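Quick look at run-v3.cif (mmCIF, C-alpha atoms):
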data_run
loop_
_atom_site.label_atom_id
_atom_site.label_comp_id
_atom_site.auth_asym_id
_atom_site.auth_seq_id
_atom_site.Cartn_x
_atom_site.Cartn_y
_atom_site.Cartn_z
CA MET A 169 -52.75 -140.83 110.79
CA LYS A 170 -50.20 -142.02 108.26
CA ALA A 171 -47.99 -145.03 108.81
CA ALA A 172 -44.24 -144.54 109.02
CA PRO A 173 -42.39 -145.61 105.86
CA PHE A 174 -41.71 -149.31 105.37
CA GLU A 175 -40.54 -151.70 102.68
CA TYR A 176 -43.20 -153.99 101.26
CA HIS A 177 -42.65 -157.64 100.40
CA ARG A 178 -45.10 -160.08 98.88
CA PRO A 179 -43.61 -163.58 98.84
CA ASP A 180 -45.33 -166.29 96.77
CA SER A 181 -45.26 -169.13 99.29
CA VAL A 182 -45.21 -169.84 103.01
CA ALA A 183 -41.65 -171.13 102.55
CA ASP A 184 -40.54 -167.83 100.99
CA ALA A 185 -42.43 -165.81 103.60
CA THR A 186 -40.88 -167.61 106.56
CA ALA A 187 -37.41 -167.42 105.00
CA LEU A 188 -37.89 -163.68 104.54
CA LEU A 189 -39.13 -163.22 108.12
CA ALA A 190 -36.11 -165.15 109.41
CA GLU A 191 -33.78 -162.97 107.35
CA LEU A 192 -35.36 -159.64 108.32
CA GLY A 193 -35.73 -160.46 112.02
CA ASP A 194 -37.41 -158.10 114.45
CA ASP A 195 -37.63 -155.27 111.91
CA ALA A 196 -40.29 -157.17 109.97
CA LYS A 197 -43.94 -157.94 110.60
CA ALA A 198 -46.30 -160.21 108.69
CA ILE A 199 -49.47 -158.55 107.44
CA ALA A 200 -52.55 -160.49 106.34
CA GLY A 201 -55.87 -158.63 106.59
CA GLY A 202 -54.24 -155.80 108.48
CA GLN A 203 -57.41 -154.88 110.35
CA SER A 204 -55.55 -154.53 113.66
CA LEU A 205 -52.07 -153.87 112.31
CA VAL A 206 -52.90 -151.01 109.90
CA PRO A 207 -54.59 -148.84 112.59
CA MET A 208 -51.63 -149.51 114.90
CA LEU A 209 -49.27 -148.44 112.11
CA ALA A 210 -51.42 -145.41 111.28
CA MET A 211 -51.37 -144.26 114.91
CA ARG A 212 -47.68 -145.18 115.07
CA LEU A 213 -48.22 -147.44 118.03
CA SER A 214 -46.11 -149.84 115.96
CA ILE A 215 -43.34 -149.11 113.49
CA PHE A 216 -41.73 -151.76 111.30
CA GLU A 217 -39.14 -151.34 108.59
CA HIS A 218 -40.56 -154.24 106.60
CA LEU A 219 -44.04 -155.62 106.06
CA VAL A 220 -44.33 -159.12 104.63
CA ASP A 221 -47.72 -159.54 102.95
CA ILE A 222 -49.05 -163.06 103.55
CA GLY A 223 -52.59 -162.16 102.53
CA ARG A 224 -52.45 -163.97 99.19
CA LEU A 225 -50.91 -167.27 100.29
CA ASP A 226 -53.55 -169.80 99.28
CA GLU A 227 -51.79 -172.60 101.19
CA MET A 228 -52.81 -170.79 104.39
CA LYS A 229 -56.46 -170.50 103.39
CA GLY A 230 -59.43 -172.80 103.55
CA VAL A 231 -61.43 -175.10 105.77
CA GLU A 232 -60.88 -178.89 105.73
CA ARG A 233 -61.94 -181.86 107.78
CA ARG A 234 -58.75 -183.73 108.72
CA ASP A 235 -58.63 -186.78 111.05
CA GLY A 236 -61.09 -185.78 113.72
CA HIS A 237 -60.52 -182.05 113.63
CA LEU A 238 -61.48 -179.15 111.41
CA TRP A 239 -58.46 -177.40 109.98
CA VAL A 240 -58.90 -173.71 109.34
CA GLY A 241 -56.10 -171.96 107.48
CA GLY A 242 -54.63 -169.01 109.33
CA GLY A 243 -55.16 -166.80 106.27
CA THR A 244 -58.87 -167.62 105.97
CA THR A 245 -60.96 -164.48 106.31
CA GLU A 246 -63.50 -164.14 109.08
CA ALA A 247 -66.17 -163.62 106.41
CA ALA A 248 -65.28 -166.97 104.82
CA VAL A 249 -65.54 -168.67 108.22
CA GLU A 250 -68.85 -166.93 108.90
CA HIS A 251 -70.44 -168.35 105.76
CA HIS A 252 -68.79 -171.77 105.68
CA PRO A 253 -71.36 -174.57 106.16
CA GLU A 254 -68.79 -177.04 107.58
CA VAL A 255 -67.71 -174.58 110.26
CA ALA A 256 -71.33 -174.11 111.34
CA VAL A 257 -71.79 -177.89 111.69
CA ASP A 258 -68.39 -178.99 113.02
CA VAL A 259 -67.29 -176.05 115.18
CA PRO A 260 -70.45 -174.12 116.09
CA LEU A 261 -68.61 -172.04 118.69
CA LEU A 262 -66.31 -170.63 116.01
CA ALA A 263 -69.24 -169.94 113.66
CA ARG A 264 -71.33 -168.24 116.34
CA SER A 265 -68.53 -166.01 117.57
CA THR A 266 -67.70 -164.68 114.11
CA PRO A 267 -70.61 -162.24 113.53
CA LEU A 268 -69.59 -160.51 116.79
CA ILE A 269 -66.21 -159.51 115.32
CA GLY A 270 -66.09 -155.90 114.12
CA HIS A 271 -68.29 -155.24 111.12
CA LEU A 272 -68.70 -156.89 107.75
CA GLN A 273 -66.06 -154.61 106.22
CA ILE A 274 -63.60 -155.79 108.89
CA ARG A 275 -64.54 -159.46 108.52
CA ASN A 276 -64.07 -159.29 104.74
CA ARG A 277 -60.36 -158.56 105.34
CA GLY A 278 -59.55 -159.82 108.82
CA THR A 279 -58.24 -163.38 109.16
CA VAL A 280 -58.60 -166.13 111.73
CA GLY A 281 -54.86 -166.45 112.20
CA GLY A 282 -54.44 -162.71 112.41
CA SER A 283 -56.99 -162.37 115.17
CA VAL A 284 -55.53 -165.24 117.19
CA ALA A 285 -51.92 -164.14 116.68
CA HIS A 286 -52.78 -160.53 117.55
CA ALA A 287 -54.14 -162.00 120.81
CA ASP A 288 -56.23 -159.07 121.92
CA PRO A 289 -57.48 -160.11 125.37
CA ALA A 290 -60.97 -158.75 124.57
CA ALA A 291 -61.30 -160.50 121.18
CA GLU A 292 -63.57 -163.48 120.54
CA TYR A 293 -61.39 -165.93 118.57
CA PRO A 294 -58.60 -166.32 121.15
CA ALA A 295 -61.22 -167.32 123.75
CA VAL A 296 -62.84 -169.75 121.30
CA VAL A 297 -59.49 -171.35 120.55
CA LEU A 298 -58.85 -171.71 124.30
CA ALA A 299 -62.31 -173.06 125.18
CA LEU A 300 -62.06 -175.80 122.56
CA ASP A 301 -58.42 -176.77 123.25
CA ALA A 302 -57.55 -176.08 119.63
CA GLU A 303 -54.04 -176.71 118.32
CA LEU A 304 -52.11 -173.97 116.58
CA GLU A 305 -49.74 -174.72 113.71
CA ALA A 306 -46.71 -172.47 113.80
CA THR A 307 -44.58 -172.58 110.67
CA SER A 308 -41.07 -171.20 110.35
CA ALA A 309 -38.20 -171.73 107.95
CA ALA A 310 -37.08 -174.53 110.30
CA GLY A 311 -40.36 -176.42 110.00
CA ARG A 312 -43.72 -176.74 111.68
CA ARG A 313 -44.59 -177.15 115.34
CA VAL A 314 -47.94 -177.48 117.05
CA ILE A 315 -48.74 -175.31 120.06
CA ALA A 316 -51.60 -176.12 122.43
CA ALA A 317 -53.99 -173.21 122.86
CA ARG A 318 -53.32 -173.28 126.63
CA ASP A 319 -49.65 -172.54 125.98
CA PHE A 320 -50.19 -169.93 123.28
CA PHE A 321 -51.31 -166.73 125.03
CA THR A 322 -48.36 -165.65 127.15
CA GLY A 323 -49.14 -162.01 127.96
CA LEU A 324 -50.86 -158.85 126.80
CA TRP A 325 -50.85 -159.04 122.96
CA THR A 326 -48.07 -161.59 123.33
CA THR A 327 -48.04 -165.20 122.19
CA ALA A 328 -45.72 -168.19 122.01
CA LEU A 329 -45.29 -167.46 118.29
CA GLY A 330 -41.72 -166.47 117.39
CA PRO A 331 -41.01 -163.39 115.21
CA ALA A 332 -40.16 -165.62 112.25
CA GLU A 333 -43.13 -167.96 112.69
CA LEU A 334 -46.50 -167.81 110.95
CA LEU A 335 -49.75 -169.13 112.36
CA THR A 336 -50.53 -171.10 109.22
CA GLY A 337 -53.45 -173.13 110.53
CA ILE A 338 -55.64 -173.97 113.49
CA ARG A 339 -56.94 -177.46 114.30
CA PHE A 340 -60.33 -177.27 115.98
CA PRO A 341 -61.53 -180.44 117.73
CA VAL A 342 -64.95 -181.50 116.48
CA TRP A 343 -67.25 -182.13 119.45
CA ASP A 344 -69.92 -184.66 118.62
CA GLY A 345 -72.74 -186.18 120.63
CA ARG A 346 -74.79 -184.09 123.03
CA SER A 347 -72.91 -180.84 122.89
CA GLY A 348 -73.90 -177.23 123.36
CA PHE A 349 -72.09 -174.02 122.48
CA ALA A 350 -72.71 -170.37 123.30
CA VAL A 351 -70.91 -167.03 123.03
CA ARG A 352 -72.12 -164.15 125.18
CA GLU A 353 -70.55 -160.72 125.45
CA LEU A 354 -71.41 -157.20 126.50
CA THR A 355 -70.28 -154.39 124.22
CA ARG A 356 -71.08 -150.69 124.16
CA ARG A 357 -71.93 -150.92 120.47
CA HIS A 358 -72.30 -153.81 118.07
CA GLY A 359 -68.85 -154.78 116.79
CA ASP A 360 -66.86 -153.20 119.59
CA PHE A 361 -64.37 -155.18 121.62
CA ALA A 362 -66.20 -156.72 124.56
CA ILE A 363 -66.25 -155.24 128.04
CA ALA A 364 -66.48 -158.88 129.13
CA GLY A 365 -67.51 -162.07 127.42
CA THR A 366 -67.31 -165.82 127.25
CA ALA A 367 -67.12 -168.61 124.70
CA LEU A 368 -68.49 -171.75 126.32
CA ALA A 369 -68.72 -175.37 125.19
CA VAL A 370 -70.25 -178.26 127.12
CA GLN A 371 -70.86 -181.94 126.42
CA LEU A 372 -73.20 -184.36 128.23
CA ASP A 373 -73.14 -188.16 128.27
CA GLY A 374 -76.21 -190.43 128.02
CA ASP A 375 -76.84 -190.06 131.76
CA ASP A 376 -76.83 -186.26 131.48
CA ARG A 377 -73.46 -185.91 133.19
CA VAL A 378 -71.03 -183.23 132.05
CA THR A 379 -68.16 -185.03 130.34
CA ARG A 380 -66.45 -182.01 128.83
CA CYS A 381 -66.64 -178.30 129.48
CA GLY A 382 -64.52 -175.44 128.15
CA ILE A 383 -65.12 -171.89 129.32
CA GLY A 384 -63.02 -169.22 127.61
CA LEU A 385 -63.15 -165.71 129.08
CA PHE A 386 -62.30 -162.50 127.23
CA GLY A 387 -62.04 -158.88 128.32
CA LEU A 388 -61.30 -160.12 131.83
CA GLY A 389 -57.50 -160.14 132.00
CA SER A 390 -54.30 -159.31 130.18
CA THR A 391 -54.83 -162.51 128.18
CA PRO A 392 -57.86 -164.60 127.31
CA THR A 393 -58.21 -167.23 130.03
CA ARG A 394 -59.93 -170.49 130.90
CA ALA A 395 -62.29 -170.61 133.86
CA THR A 396 -60.67 -173.77 135.16
CA VAL A 397 -62.28 -173.82 138.61
CA ALA A 398 -65.77 -173.44 137.17
CA GLU A 399 -65.07 -176.17 134.60
CA GLN A 400 -63.89 -178.58 137.30
CA SER A 401 -66.89 -177.84 139.47
CA VAL A 402 -69.36 -178.96 136.79
CA SER A 403 -67.44 -182.04 135.69
CA GLY A 404 -69.34 -185.29 136.22
CA ARG A 405 -72.47 -183.56 137.52
CA THR A 406 -75.87 -183.26 135.85
CA PRO A 407 -77.29 -179.87 134.84
CA THR A 408 -80.11 -180.18 137.37
CA GLU A 409 -77.53 -180.27 140.18
CA ILE A 410 -75.74 -177.21 138.88
CA SER A 411 -76.80 -173.60 139.38
CA ALA A 412 -75.95 -171.44 136.37
CA GLU A 413 -75.38 -168.50 138.68
CA GLU A 414 -72.81 -170.49 140.61
CA VAL A 415 -70.95 -171.39 137.40
CA GLY A 416 -70.81 -167.68 136.57
CA GLN A 417 -69.57 -166.74 140.03
CA LEU A 418 -66.91 -169.45 140.02
CA ALA A 419 -65.73 -168.43 136.57
CA VAL A 420 -64.69 -164.97 137.74
CA ALA A 421 -63.83 -165.73 141.38
CA ASP A 422 -60.08 -166.16 140.99
CA LEU A 423 -59.40 -163.60 138.24
CA GLU A 424 -56.50 -161.38 139.21
CA ASP A 425 -55.65 -158.85 136.52
CA VAL A 426 -59.09 -157.70 135.40
CA PRO A 427 -58.74 -154.46 133.42
CA HIS A 428 -60.35 -151.21 134.51
CA ASP A 429 -60.91 -148.27 132.18
CA LEU A 430 -63.59 -145.83 131.06
CA ASN A 431 -65.83 -148.74 130.05
CA GLY A 432 -65.90 -150.15 133.54
CA SER A 433 -64.10 -150.93 136.77
CA ALA A 434 -62.59 -154.33 137.46
CA SER A 435 -65.41 -155.25 139.84
CA TYR A 436 -68.03 -154.24 137.25
CA ARG A 437 -66.29 -156.32 134.60
CA LYS A 438 -66.27 -159.34 136.90
CA ARG A 439 -70.01 -158.98 137.52
CA VAL A 440 -70.62 -158.69 133.79
CA GLY A 441 -68.36 -161.67 133.15
CA ALA A 442 -70.26 -163.78 135.69
CA ALA A 443 -73.57 -162.84 134.07
CA MET A 444 -72.26 -163.68 130.59
CA VAL A 445 -71.05 -167.11 131.75
CA GLU A 446 -74.37 -167.73 133.50
CA ARG A 447 -76.31 -166.97 130.30
CA ALA A 448 -73.92 -168.90 128.06
CA TRP A 449 -74.13 -171.89 130.39
CA GLN A 450 -77.95 -171.88 130.25
CA ALA A 451 -77.95 -171.64 126.46
CA ALA A 452 -75.29 -174.32 125.95
CA ILE A 453 -76.95 -176.73 128.39
CA ALA A 454 -80.30 -176.21 126.69
CA GLU A 455 -78.72 -177.06 123.35
CA ALA A 456 -76.83 -180.09 124.68
CA SER A 457 -79.99 -181.39 126.35
CA GLY A 458 -81.94 -180.99 123.15
CA ARG A 459 -84.27 -178.45 124.71
CA MET B 33 -34.68 -145.61 110.31
CA ASN B 34 -33.53 -144.47 106.91
CA THR B 35 -36.74 -143.20 105.36
CA ASP B 36 -35.06 -142.48 102.04
CA ALA B 37 -34.54 -146.19 101.62
CA THR B 38 -38.27 -146.74 101.16
CA THR B 39 -38.72 -147.00 97.45
CA SER B 40 -42.00 -146.55 95.67
CA VAL B 41 -43.52 -149.57 94.01
CA GLU B 42 -45.71 -150.00 90.98
CA VAL B 43 -49.34 -150.99 91.35
CA SER B 44 -51.79 -151.96 88.63
CA LEU B 45 -55.45 -152.33 89.40
CA THR B 46 -58.86 -151.75 87.93
CA ILE B 47 -60.85 -148.83 89.29
CA ASN B 48 -64.48 -148.52 88.25
CA GLY B 49 -63.76 -150.64 85.19
CA GLN B 50 -60.72 -148.66 84.07
CA PRO B 51 -57.22 -150.18 84.23
CA VAL B 52 -54.94 -147.96 86.29
CA THR B 53 -51.20 -148.06 86.93
CA GLY B 54 -49.33 -145.92 89.40
CA ARG B 55 -46.29 -145.72 91.64
CA VAL B 56 -46.87 -145.46 95.36
CA GLU B 57 -44.99 -145.47 98.59
CA PRO B 58 -45.87 -148.76 100.32
CA ARG B 59 -47.39 -146.83 103.22
CA ARG B 60 -49.92 -145.11 100.93
CA THR B 61 -53.39 -146.33 101.87
CA LEU B 62 -55.81 -147.31 99.13
CA ALA B 63 -58.01 -144.42 100.29
CA ASP B 64 -55.20 -141.89 99.82
CA PHE B 65 -54.26 -143.47 96.50
CA LEU B 66 -57.83 -143.04 95.25
CA ARG B 67 -58.19 -139.49 96.55
CA GLU B 68 -54.73 -138.00 96.10
CA ASP B 69 -53.30 -139.92 93.15
CA ARG B 70 -56.48 -140.68 91.18
CA ASN B 71 -58.48 -137.60 92.18
CA LEU B 72 -61.42 -139.81 93.11
CA THR B 73 -62.46 -137.71 96.09
CA GLY B 74 -65.86 -139.34 96.44
CA THR B 75 -64.26 -141.79 98.84
CA HIS B 76 -64.30 -139.90 102.12
CA LEU B 77 -61.92 -140.21 105.06
CA GLY B 78 -63.45 -139.67 108.48
CA CYS B 79 -61.28 -141.41 111.04
CA GLU B 80 -58.44 -143.06 109.09
CA HIS B 81 -58.27 -145.96 111.52
CA GLY B 82 -61.15 -148.21 110.62
CA VAL B 83 -63.97 -146.95 112.79
CA CYS B 84 -66.27 -144.68 110.76
CA GLY B 85 -66.82 -146.56 107.48
CA ALA B 86 -66.87 -143.41 105.30
CA CYS B 87 -64.02 -144.79 103.16
CA THR B 88 -65.79 -148.07 102.32
CA VAL B 89 -65.12 -149.28 98.75
CA LEU B 90 -65.60 -152.61 97.03
CA LEU B 91 -62.40 -154.63 96.66
CA ASP B 92 -63.01 -157.55 94.29
CA GLY B 93 -66.66 -157.09 95.23
CA ASP B 94 -66.19 -157.13 99.01
CA ALA B 95 -67.01 -154.05 101.07
CA VAL B 96 -63.78 -153.04 102.83
CA ARG B 97 -62.38 -149.99 104.58
CA SER B 98 -59.97 -148.41 102.13
CA CYS B 99 -58.09 -146.69 104.98
CA LEU B 100 -57.14 -150.15 106.30
CA VAL B 101 -55.75 -151.43 103.00
CA PHE B 102 -52.44 -150.27 101.61
CA ALA B 103 -52.57 -149.50 97.90
CA VAL B 104 -49.84 -152.09 97.30
CA GLN B 105 -52.11 -154.73 98.84
CA ALA B 106 -54.74 -153.83 96.24
CA ASP B 107 -52.35 -154.52 93.36
CA GLY B 108 -54.16 -156.60 90.73
CA THR B 109 -57.60 -156.15 92.29
CA ASP B 110 -60.85 -154.69 91.01
CA VAL B 111 -61.94 -151.62 92.99
CA THR B 112 -65.33 -149.93 92.87
CA THR B 113 -65.76 -146.49 94.41
CA VAL B 114 -68.85 -144.32 94.66
CA GLU B 115 -67.86 -142.74 91.32
CA GLY B 116 -68.49 -146.14 89.73
CA ILE B 117 -71.99 -146.65 91.12
CA ALA B 118 -74.18 -144.31 89.04
CA SER B 119 -74.52 -145.08 85.32
CA ALA B 120 -72.33 -143.29 82.81
CA ASP B 121 -75.15 -140.88 81.93
CA GLY B 122 -75.41 -139.82 85.57
CA ARG B 123 -78.55 -141.78 86.41
CA LEU B 124 -78.45 -142.77 90.09
CA SER B 125 -78.33 -146.43 91.09
CA GLU B 126 -81.36 -147.86 92.91
CA VAL B 127 -79.51 -147.56 96.20
CA GLN B 128 -78.59 -143.93 95.57
CA GLU B 129 -82.10 -143.11 94.39
CA ALA B 130 -83.60 -144.75 97.49
CA LEU B 131 -81.27 -142.77 99.78
CA ARG B 132 -82.35 -139.56 98.04
CA ALA B 133 -86.05 -140.42 98.21
CA ASN B 134 -85.94 -141.39 101.90
CA HIS B 135 -83.82 -138.52 103.22
CA GLY B 136 -81.08 -141.06 103.88
CA LEU B 137 -78.50 -138.28 103.87
CA GLN B 138 -78.12 -134.77 105.17
CA CYS B 139 -74.56 -133.47 105.07
CA GLY B 140 -73.55 -136.35 102.82
CA PHE B 141 -70.12 -136.99 104.30
CA CYS B 142 -70.85 -140.60 105.26
CA THR B 143 -73.00 -141.29 102.20
CA PRO B 144 -70.38 -142.74 99.81
CA GLY B 145 -69.49 -145.38 102.41
CA PHE B 146 -73.14 -146.20 102.96
CA VAL B 147 -73.79 -146.47 99.21
CA LEU B 148 -71.02 -149.04 98.78
CA THR B 149 -71.95 -150.98 101.92
CA ILE B 150 -75.64 -151.13 100.97
CA THR B 151 -74.79 -152.08 97.38
CA ALA B 152 -72.75 -155.07 98.60
CA LEU B 153 -75.29 -155.92 101.31
CA LEU B 154 -78.23 -156.16 98.90
CA ARG B 155 -76.21 -158.05 96.31
CA ASP B 156 -75.42 -160.75 98.89
CA ASN B 157 -78.79 -160.62 100.66
CA PRO B 158 -81.48 -159.18 98.36
CA ASP B 159 -84.25 -159.44 100.96
CA PRO B 160 -82.73 -158.57 104.35
CA THR B 161 -84.67 -158.42 107.60
CA ASP B 162 -84.57 -155.20 109.62
CA GLN B 163 -82.11 -156.87 111.98
CA GLU B 164 -79.86 -157.85 109.06
CA ILE B 165 -80.03 -154.31 107.68
CA ARG B 166 -79.01 -152.84 111.05
CA GLU B 167 -76.17 -155.33 111.47
CA GLY B 168 -75.03 -154.77 107.90
CA LEU B 169 -74.88 -151.01 108.41
CA SER B 170 -73.28 -151.16 111.86
CA GLY B 171 -69.82 -150.45 110.44
CA ASN B 172 -70.87 -147.09 109.00
CA ILE B 173 -71.38 -144.06 111.21
CA CYS B 174 -73.75 -141.20 110.32
CA ARG B 175 -73.88 -138.15 112.58
CA CYS B 176 -76.87 -136.41 110.93
CA THR B 177 -79.76 -138.63 110.03
CA GLY B 178 -80.35 -140.83 113.05
CA TYR B 179 -80.24 -143.74 110.58
CA GLN B 180 -84.02 -144.14 110.14
CA GLY B 181 -83.96 -142.67 106.64
CA ILE B 182 -81.00 -144.83 105.71
CA ILE B 183 -82.72 -147.99 106.90
CA ALA B 184 -85.89 -146.99 105.02
CA ALA B 185 -83.74 -146.50 101.92
CA VAL B 186 -82.31 -150.01 102.20
CA ARG B 187 -85.84 -151.40 102.49
CA GLN B 188 -86.94 -149.48 99.41
CA ALA B 189 -83.88 -150.45 97.39
CA ALA B 190 -84.51 -154.10 98.32
CA ASP B 191 -88.13 -153.86 97.28
CA PRO B 192 -88.73 -150.85 95.00
CA SER B 193 -92.48 -151.53 94.97
CA SER B 194 -92.72 -150.85 98.72
#
Could you express the structure from this file as structure tokens?
Amino acid sequence: MKAAPFEYHRPDSVADATALLAELGDDAKAIAGGQSLVPMLAMRLSIFEHLVDIGRLDEMKGVERRDGHLWVGGGTTEAAVEHHPEVAVDVPLLARSTPLIGHLQIRNRGTVGGSVAHADPAAEYPAVVLALDAELEATSAAGRRVIAARDFFTGLWTTALGPAELLTGIRFPVWDGRSGFAVRELTRRHGDFAIAGTALAVQLDGDDRVTRCGIGLFGLGSTPTRATVAEQSVSGRTPTEISAEEVGQLAVADLEDVPHDLNGSASYRKRVGAAMVERAWQAAIAEASGR
Amino acid sequence: MNTDATTSVEVSLTINGQPVTGRVEPRRTLADFLREDRNLTGTHLGCEHGVCGACTVLLDGDAVRSCLVFAVQADGTDVTTVEGIASADGRLSEVQEALRANHGLQCGFCTPGFVLTITALLRDNPDPTDQEIREGLSGNICRCTGYQGIIAAVRQAADPSS
């Protein structure tokens, strides 16, 4: 369980880090908290000749309210997000998903950008980012571009991020008004990756009609996904017209590449996923309705 | 890959209050640096991939898994291991004493990780609920005790009069 040899680099700025990544190419990998990368290196599932340590770049850290969204630096630790009062108020879905990630020792090192860029299909943050239509800031030596969450997760552990790009920040839309948020997941043990789960956000107007709904699913495919059909089915309707069970069923109905392993078959995962969406829907609606 | 090209680098950090300087291969984990290079074998390695929690140390005060941190990443930091928990005269800390009094250990392999985790937990939350204790300890695995003694020890360390 020892990593293969590599060269270590610790640039002092995002500009230096991206220049270095561009120069070193595919042989290099950025490391921040390393809570996914170090085990992969230790088990030699991944081997890189160069690691570029971005864990101390303060310009990638912090939480700030910026024109209508909450900016969270990619290098911000999960523990910092967990205890940040503005995150709890402005992006409750992000705050509520955080205690479900690993354990406190993991969250003290692991970063928001690292989790999203690692793009584990069973992880919480990628589904949160998707459900809220967050925008991802990708920075390279050539400049900065913004990627919509919907376009970010391209395959198993694969994203739209280039090898010389860093996920320097995430812009989370702040949902105001009558909104409700819930994360539900089933795990074998606290802190494990989920067998199936959902991050769900819903907003009601003054007449109790659903004006916005984002349902992110995790553990239910090769990437985190949006339950688009279920979202469309609730749009414009009032909660009394909607059966939570039906939302759950619709959310998993058209899933195609549901994983199957020792923790459960694909059909079991879909049933669990439907139940998680059903429960999250009930909780989020109760919150949005002020109940 | 040309492994000979990987040069060792210098690291300077504080371990249990003592300034320490050493040269390490970048792939050396902090856990191996503590155990192999500093002879601080109180930090135990169970799984070496971030599952068991036995290697938990405090890095600038935060409980972290030292098998998931490379020593070079800890350059310039302040590390506390189990060797730095008891007082210089050997008197156990309140957490250690509570673990002893409540049969919070049997074989002792996981204990150093628990001591550091509990120390950080109670510093940040001096009066945890049972649920908070269980969540706080969820990253540390014990194969002997069944955890009840460990949880009782956390309660006692939080409130020594109990």
task: May I have the residues at most 8 Å from (-66.2, -154.7, 115.9) in the file's coordinates, counting all atoms listed in the file, as a ChimeraX atom specification?
output: /A:268-271,274,358-361 /B:171
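Any residue of chain B with an atom no more than 7 Å from chain A counts as a contact; using all atoms listed in the file, that gives B:Thr35, B:Thr38, B:Pro58, B:Arg59, B:Glu80, B:His81, B:Gly82, B:Asp94, B:Ala95, B:Val96, B:Arg97, B:Leu100, B:Gly168, B:Ser170, B:Gly171.
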Decode the PyMOL selection byres ((chain B and resi 104-114) around 8) for the given file into explicit residues and return them as a PDB file with C-alpha atoms, keeping the file's coordinate frame.
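Result file part-v1.pdb:
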ATOM      1  CA  TYR A 176     -43.200-153.990 101.260  1.00  0.00           C
ATOM      2  CA  ASP A 221     -47.720-159.540 102.950  1.00  0.00           C
TER       3      ASP A 221
ATOM      4  CA  VAL B  41     -43.520-149.570  94.010  1.00  0.00           C
ATOM      5  CA  GLU B  42     -45.710-150.000  90.980  1.00  0.00           C
ATOM      6  CA  VAL B  43     -49.340-150.990  91.350  1.00  0.00           C
ATOM      7  CA  SER B  44     -51.790-151.960  88.630  1.00  0.00           C
ATOM      8  CA  LEU B  45     -55.450-152.330  89.400  1.00  0.00           C
ATOM      9  CA  THR B  46     -58.860-151.750  87.930  1.00  0.00           C
ATOM     10  CA  ILE B  47     -60.850-148.830  89.290  1.00  0.00           C
ATOM     11  CA  ASN B  48     -64.480-148.520  88.250  1.00  0.00           C
ATOM     12  CA  GLY B  49     -63.760-150.640  85.190  1.00  0.00           C
ATOM     13  CA  VAL B  56     -46.870-145.460  95.360  1.00  0.00           C
ATOM     14  CA  PRO B  58     -45.870-148.760 100.320  1.00  0.00           C
ATOM     15  CA  ARG B  60     -49.920-145.110 100.930  1.00  0.00           C
ATOM     16  CA  LEU B  62     -55.810-147.310  99.130  1.00  0.00           C
ATOM     17  CA  GLY B  74     -65.860-139.340  96.440  1.00  0.00           C
ATOM     18  CA  THR B  75     -64.260-141.790  98.840  1.00  0.00           C
ATOM     19  CA  VAL B  89     -65.120-149.280  98.750  1.00  0.00           C
ATOM     20  CA  LEU B  90     -65.600-152.610  97.030  1.00  0.00           C
ATOM     21  CA  LEU B  91     -62.400-154.630  96.660  1.00  0.00           C
ATOM     22  CA  ASP B  92     -63.010-157.550  94.290  1.00  0.00           C
ATOM     23  CA  GLY B  93     -66.660-157.090  95.230  1.00  0.00           C
ATOM     24  CA  VAL B 101     -55.750-151.430 103.000  1.00  0.00           C
ATOM     25  CA  PHE B 102     -52.440-150.270 101.610  1.00  0.00           C
ATOM     26  CA  ALA B 103     -52.570-149.500  97.900  1.00  0.00           C
ATOM     27  CA  GLU B 115     -67.860-142.740  91.320  1.00  0.00           C
ATOM     28  CA  GLY B 116     -68.490-146.140  89.730  1.00  0.00           C
ATOM     29  CA  ILE B 117     -71.990-146.650  91.120  1.00  0.00           C
ATOM     30  CA  ALA B 118     -74.180-144.310  89.040  1.00  0.00           C
ATOM     31  CA  PRO B 144     -70.380-142.740  99.810  1.00  0.00           C
ATOM     32  CA  GLY B 145     -69.490-145.380 102.410  1.00  0.00           C
ATOM     33  CA  VAL B 147     -73.790-146.470  99.210  1.00  0.00           C
ATOM     34  CA  LEU B 148     -71.020-149.040  98.780  1.00  0.00           C
TER      35      LEU B 148
END
task: For atom CA of Leu153 of chain B and atom CA of Leu137 of chain B, quote the distance in Å rounded to one decimal.
output: 18.1 Å
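Against the coordinates shown, the PyMOL selection byres ((chain A and resi 262) around 10) returns Glu246, Val249, Glu250, Val255, Ala256, Asp258, Val259, Pro260, Leu261, Ala263, Arg264, Ser265, Thr266, Pro267, Val280, Glu292, Tyr293, Ala295, Val296, Val297, Leu300, Phe340, Phe349, Ala350, Val351 and Ala367 of chain A.
Here atom CA of Ser283 of chain A is placed at a distance of 12.4 Å from atom CA of Pro392 of chain A.
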- line: Separating atom CA of Gly193 of chain A from atom CA of Gly330 of chain A, to the nearest tenth of an Å, is a gap of 10.0 Å
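For the residues A:Leu335, A:Val342, A:Val420, A:Ala369, ranking by smallest atom-to-atom distance to Asp235 of chain A using only C-alpha atoms places A:Val342 first.
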